[in-house]
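Report on the following structure.
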Amino acid sequence: MITVTMSYSKFDLTFKIGQYLDRHLVFPLLEFLAAKETYDQSELLQAKLEILSKTNMIDYVIDIRSMLYPDEDTPEEIKSRRAVVLSQLQELQDAVEPVLKLMQRDDVMKTVETMRDPKTLINYLTTNKEFEFKIEMIDSMYRLAKYRYECGNYVESASYLYFCQLVMAPTDKNYLSVLWGKLASEILVQNWDAALDDLTKLREFIDNGAAGATANNMQALQQRTWLVHWSLFVFFNHVKGRDLIIEMFLYKPLYLNAIQTMCPHILRYLATAVIINRSRRNALKDLVKVIQQEAYTYRDPITEFIEHLYVNFDFEAARRKLNQCQAVLLTDFFLIACLDEFVENARLMIFETFCRIHQVISIGMLAENLNMQPDEAECWIVNLIRNARLDAKIDSKLGHVVMGAQPLSPYQQLVERIDSLAVRSEALTSLVERKQKTRNQDIRWGAQEF
């Protein structure tokens with residue numbers, strides 16, 4: 001059991017998320033925790049060693065052991081295992097030597113990449129005697145790619161798995177594993193464009209139930225749950241990630257169901273994505289609904305901030321939660337880079353909601369709700385006005401913000417909605433009448449033909 005040495009570790013999701021990650025993907029999370037000194041360092045090293053013992057990263061194992069047990073020599077068992085790993089790696093490479101030579105030829109790879117049909121591609125490779133390619137080499141390439149991955153050679157693994165993707169039919173027993181392995185390799189080398197492509201391919205493969213990948217609903221649910229967790233690496237690093245995470249987690253029912261059923265803690269990342277994405281404020285209503293539905297299974301300062309602000313309209317509670325949110329983001333591997341953006345947008349959300357209720361606002365009260373000093377809050381509001389994001393003016397003498405337009409009363413909003421519905425109803429009625437008239441004319445014309 002790892003000992004907690006810092007507050008807010010109760011909000012740490014590393015060990016929940018780690019259950020759904022490949023062991024190699026857990027390493028960056030453990031490195032992050034070690035840097036943050038959130039847990040006892042020796043116990044983190046022990047956790048790394050336990051994970052590494054199931055891989056072929058022998059040199060890494062030796063390094064971690066020397067840190068844990070500086071007075072002990074490296075056991076002979078580990079040294080001999082290193083020799084075995086190198087020997088097996090050489091055997092696997094020798095078995096696919098023709099393929100490795102083929103992959104080094106740019107002219108051949110360009111031809112291979114243009115062939116979308118695996119059967120046509122395999123025919124091209126096997127009939128050309130110059131290549132010395134045999135069908136059984138496909139499985140050997142997969143084994144070599146997996147072995148390279150277990151050795152921590154992610155670049156080579158990604159390259160070999162890419163070749164496997166090209167030559168394997170989707171019905172191949174190893175095809176799904178190739179997709180998972182390729183995604184993991186691209187994540188670990190931080191090639192985010194390729195990782196996003198692989199994420200999309202894997203999601204489509206799972207959703208289509210291709211090649212028996214989802215033999216039953218439970219297997220499909222498990223696959224989607226794993227994919228949701230792996231996708232966090234991509235969505236919080238790719239430039240398009242903050243839009244794509246909302247689309248996948250909130251608006252794809254199969255994945256929203258997986259989150260609500262298996263991993264409601266993922267709502268932290270969905271909520272953060274909506275908060276930092278100003279262009280997707282329209283998703284707030286749907287997000288609030290999901291957070292309320294899952295409030296009995298999962299809560300943290302980020303989801304509670306949303307709840308206080310948009311359900312309870314409790315600005316004091318929202319302010320307190322914003323303080324806690326900052327501490328949570330500082331200790332979250334995926335969210336720490338969003339900290340400044342999160343705070344800025346969260347303050348803006350508090351301010352916008354406050355302004356919908358009040359016409360004249362005390363800068364002192366506003367500063368208190370935003371966790372800012374009065375002078376700092378005044379400068380922040382001035383910048384909003386300058387950037388044309390706020391219709392208001394500041395009365396410095398009285399220390400007030402005066403909103404430019406009177407908020408609509410609920411009655412006025414209802415009247416406007418009724419007027420809008422009346423206009424749309426008339427337009428729809430007119431459209432239906434025109435279509436009906438056209439249809440009647442078409443029927444009479446058809447009757448005359450007979």
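Just so we're on the same page: first chain in the structure tokens is A, next is B, and so on; residues restart at 1 for each chain, and ligands are numbered from 1 in the order they show up.
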
- prompt: Counting only C-alpha atoms, what is within 9 Å of Thr55 in chain A, bar same-chain residues fewer than 6 positions away, as a PyMOL selection string?
  reply: chain A and resi 23-24+149-152

Can you pull out the residues contacting Lys79 in chain A? Cut-off 12 Å, using only C-alpha atoms, and skip same-chain residues under 6 positions away; I want them as a PDB file with C-alpha atoms, in the first residue's frame.
ATOM      1  CA  ASN A  56      11.855  -6.834 -21.030  1.00  0.00           C
ATOM      2  CA  MET A  57      13.252  -3.452 -19.923  1.00  0.00           C
ATOM      3  CA  ILE A  58      16.081  -5.116 -17.998  1.00  0.00           C
ATOM      4  CA  ASP A  59      18.401  -2.097 -17.867  1.00  0.00           C
ATOM      5  CA  VAL A  61      14.974  -2.789 -13.794  1.00  0.00           C
ATOM      6  CA  ILE A  62      18.659  -2.717 -12.815  1.00  0.00           C
ATOM      7  CA  ASP A  73      24.567  -6.229  -6.158  1.00  0.00           C
ATOM      8  CA  VAL A  85      16.195 -11.073 -23.961  1.00  0.00           C
ATOM      9  CA  LEU A  86      18.956  -9.978 -26.359  1.00  0.00           C
TER      10      LEU A  86
END

- request: Taking the DSSP assignment computed from this structure's backbone, write out as an MDAnalysis selection string all residues of range 61-182 of chain A that belong to alpha helix (DSSP H).
  value: chainID A and resid 61:68 76:95 97:103 106:114 118:127 137:150 154:167 175:182

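Closest approach to Thr14 in chain A from the set A:Glu43, A:Asp332, A:Glu113, A:Glu376 is made by A:Asp332, with distances taken over only C-alpha atoms.
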
statement: One decimal place gives the CA of Phe15 in chain A-CA of Cys338 in chain A separation as 21.1 Å

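Relative to CA of Val290 in chain A, CA of Arg278 in chain A is found at 19.3 Å.
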
message: So, with only C-alpha atoms as the atoms that count, which of A:Asn123, A:Asn282, A:Ser177, A:Asn191 lies closest to Tyr142 in chain A?
response: A:Ser177

field: Of the listed residues A:Arg280, A:Arg299, A:Asp207, A:Ser53, that which approaches Leu254 in chain A most closely, counting only C-alpha atoms
entry: A:Asp207

What's around range 103-109 of chain A at 10 Å? Count only C-alpha atoms, leave out sequence neighbours fewer than 3 positions away in its own chain, and write the answer as a CSV table (one decimal) with N, CA and C atoms, in the first residue's frame.
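What ended up in part-v6.csv:
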chain,number,residue,atom,x,y,z
A,97,GLU,N,14.1,-10.9,-41.4
A,97,GLU,CA,15.1,-10.1,-42.1
A,97,GLU,C,14.7,-9.5,-43.4
A,98,PRO,N,14.1,-10.3,-44.3
A,98,PRO,CA,13.6,-9.8,-45.6
A,98,PRO,C,12.6,-8.6,-45.5
A,99,VAL,N,11.8,-8.7,-44.5
A,99,VAL,CA,10.8,-7.7,-44.3
A,99,VAL,C,11.5,-6.4,-43.8
A,100,LEU,N,12.4,-6.5,-42.9
A,100,LEU,CA,13.1,-5.3,-42.4
A,100,LEU,C,13.9,-4.6,-43.5
A,112,VAL,N,3.6,0.0,-51.3
A,112,VAL,CA,2.8,-0.7,-50.3
A,112,VAL,C,1.7,0.2,-49.7
A,113,GLU,N,2.1,1.4,-49.4
A,113,GLU,CA,1.1,2.3,-48.8
A,113,GLU,C,-0.1,2.7,-49.7
A,114,THR,N,0.1,2.6,-51.0
A,114,THR,CA,-1.0,2.9,-52.0
A,114,THR,C,-1.9,1.7,-52.1
A,125,LEU,N,3.7,-8.8,-52.6
A,125,LEU,CA,4.9,-9.1,-51.9
A,125,LEU,C,5.4,-10.5,-52.1
A,131,PHE,N,11.8,-9.9,-53.0
A,131,PHE,CA,11.5,-9.5,-51.6
A,131,PHE,C,11.7,-10.7,-50.7
A,159,SER,N,6.8,1.4,-35.9
A,159,SER,CA,7.1,1.2,-37.3
A,159,SER,C,6.7,-0.2,-37.8
A,160,TYR,N,7.0,-1.2,-37.0
A,160,TYR,CA,6.7,-2.6,-37.3
A,160,TYR,C,5.1,-2.8,-37.3
A,163,PHE,N,3.5,-1.6,-40.4
A,163,PHE,CA,3.5,-2.6,-41.5
A,163,PHE,C,2.5,-3.7,-41.3

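Atom pair CA of Arg320 in chain A / CA of Leu33 in chain A: separated by 25.3 Å.
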
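Using only C-alpha atoms, the nearest neighbour of Met137 in chain A within the list A:Leu179, A:Asp94, A:Ile291, A:Ile394 is A:Asp94.
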
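Residues in contact range of Glu378 in chain A, defined as at most 10 Å between only C-alpha atoms, with sequence neighbours fewer than 6 positions away removed, read Ile363, Gly364, Leu366, Ala367, Met372, Leu384, Ile394, Ser396, Gly399, His400 and Val401 of chain A.
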
Near Ile138 in chain A, within 8 Å and counting only C-alpha atoms, which residues show up once chain neighbours fewer than 2 positions away are dropped, as an mmCIF file with all heavy atoms, in the first residue's frame?
data_model
loop_
_atom_site.group_PDB
_atom_site.id
_atom_site.type_symbol
_atom_site.label_atom_id
_atom_site.label_comp_id
_atom_site.auth_asym_id
_atom_site.auth_seq_id
_atom_site.Cartn_x
_atom_site.Cartn_y
_atom_site.Cartn_z
ATOM 1 N N LYS A 134 7.326 -14.143 -47.141
ATOM 2 C CA LYS A 134 6.464 -15.306 -46.929
ATOM 3 C C LYS A 134 5.319 -14.926 -46.003
ATOM 4 O O LYS A 134 5.483 -14.081 -45.120
ATOM 5 C CB LYS A 134 7.262 -16.466 -46.322
ATOM 6 C CG LYS A 134 8.381 -16.960 -47.220
ATOM 7 C CD LYS A 134 9.169 -18.067 -46.545
ATOM 8 C CE LYS A 134 10.323 -18.535 -47.427
ATOM 9 N NZ LYS A 134 11.140 -19.577 -46.749
ATOM 10 N N ILE A 135 4.178 -15.564 -46.169
ATOM 11 C CA ILE A 135 2.974 -15.244 -45.391
ATOM 12 C C ILE A 135 3.227 -15.343 -43.884
ATOM 13 O O ILE A 135 2.786 -14.487 -43.094
ATOM 14 C CB ILE A 135 1.806 -16.194 -45.767
ATOM 15 C CG1 ILE A 135 1.352 -15.949 -47.201
ATOM 16 C CG2 ILE A 135 0.634 -16.006 -44.806
ATOM 17 C CD1 ILE A 135 0.654 -14.646 -47.422
ATOM 18 N N GLU A 136 3.970 -16.356 -43.468
ATOM 19 C CA GLU A 136 4.187 -16.555 -42.032
ATOM 20 C C GLU A 136 5.003 -15.421 -41.392
ATOM 21 O O GLU A 136 5.047 -15.292 -40.161
ATOM 22 C CB GLU A 136 4.867 -17.900 -41.760
ATOM 23 C CG GLU A 136 6.132 -18.120 -42.538
ATOM 24 C CD GLU A 136 5.894 -18.868 -43.856
ATOM 25 O OE1 GLU A 136 4.768 -18.772 -44.394
ATOM 26 O OE2 GLU A 136 6.833 -19.537 -44.311
ATOM 27 N N SER A 140 5.319 -13.249 -37.522
ATOM 28 C CA SER A 140 6.646 -13.023 -36.949
ATOM 29 C C SER A 140 6.909 -11.531 -36.740
ATOM 30 O O SER A 140 7.526 -11.133 -35.746
ATOM 31 C CB SER A 140 7.733 -13.615 -37.864
ATOM 32 O OG SER A 140 7.573 -15.012 -37.993
ATOM 33 N N MET A 141 6.430 -10.705 -37.670
ATOM 34 C CA MET A 141 6.580 -9.251 -37.522
ATOM 35 C C MET A 141 5.799 -8.744 -36.318
ATOM 36 O O MET A 141 6.260 -7.865 -35.578
ATOM 37 C CB MET A 141 6.095 -8.540 -38.786
ATOM 38 C CG MET A 141 7.134 -8.408 -39.876
ATOM 39 S SD MET A 141 8.568 -7.410 -39.398
ATOM 40 C CE MET A 141 7.859 -5.779 -39.346
ATOM 41 N N TYR A 142 4.616 -9.317 -36.124
ATOM 42 C CA TYR A 142 3.798 -8.928 -34.972
ATOM 43 C C TYR A 142 4.516 -9.293 -33.678
ATOM 44 O O TYR A 142 4.569 -8.485 -32.736
ATOM 45 C CB TYR A 142 2.430 -9.612 -35.044
ATOM 46 C CG TYR A 142 1.650 -9.537 -33.759
ATOM 47 C CD1 TYR A 142 1.111 -8.326 -33.306
ATOM 48 C CD2 TYR A 142 1.480 -10.664 -32.956
ATOM 49 C CE1 TYR A 142 0.422 -8.238 -32.108
ATOM 50 C CE2 TYR A 142 0.782 -10.593 -31.757
ATOM 51 C CZ TYR A 142 0.259 -9.382 -31.339
ATOM 52 O OH TYR A 142 -0.419 -9.301 -30.150
ATOM 53 N N CYS A 164 2.363 -4.124 -40.071
ATOM 54 C CA CYS A 164 1.368 -5.171 -39.792
ATOM 55 C C CYS A 164 -0.043 -4.690 -40.141
ATOM 56 O O CYS A 164 -0.857 -5.463 -40.681
ATOM 57 C CB CYS A 164 1.421 -5.587 -38.331
ATOM 58 S SG CYS A 164 2.906 -6.510 -37.860
ATOM 59 N N VAL A 167 -0.598 -5.051 -43.950
ATOM 60 C CA VAL A 167 -0.672 -6.384 -44.563
ATOM 61 C C VAL A 167 -1.698 -7.295 -43.908
ATOM 62 O O VAL A 167 -2.076 -8.314 -44.482
ATOM 63 C CB VAL A 167 0.713 -7.076 -44.554
ATOM 64 C CG1 VAL A 167 1.701 -6.293 -45.389
ATOM 65 C CG2 VAL A 167 1.235 -7.263 -43.135
ATOM 66 N N MET A 168 -2.149 -6.938 -42.710
ATOM 67 C CA MET A 168 -3.121 -7.797 -42.012
ATOM 68 C C MET A 168 -4.543 -7.471 -42.433
ATOM 69 O O MET A 168 -4.913 -6.301 -42.551
ATOM 70 C CB MET A 168 -3.024 -7.598 -40.495
ATOM 71 C CG MET A 168 -2.003 -8.456 -39.811
ATOM 72 S SD MET A 168 -2.136 -8.251 -38.004
ATOM 73 C CE MET A 168 -0.787 -9.285 -37.477
#

Residue with smallest distance to Asn383 in chain A - pool A:Ala273, A:Met115, A:Ala145, A:Leu348, counting only C-alpha atoms: A:Leu348
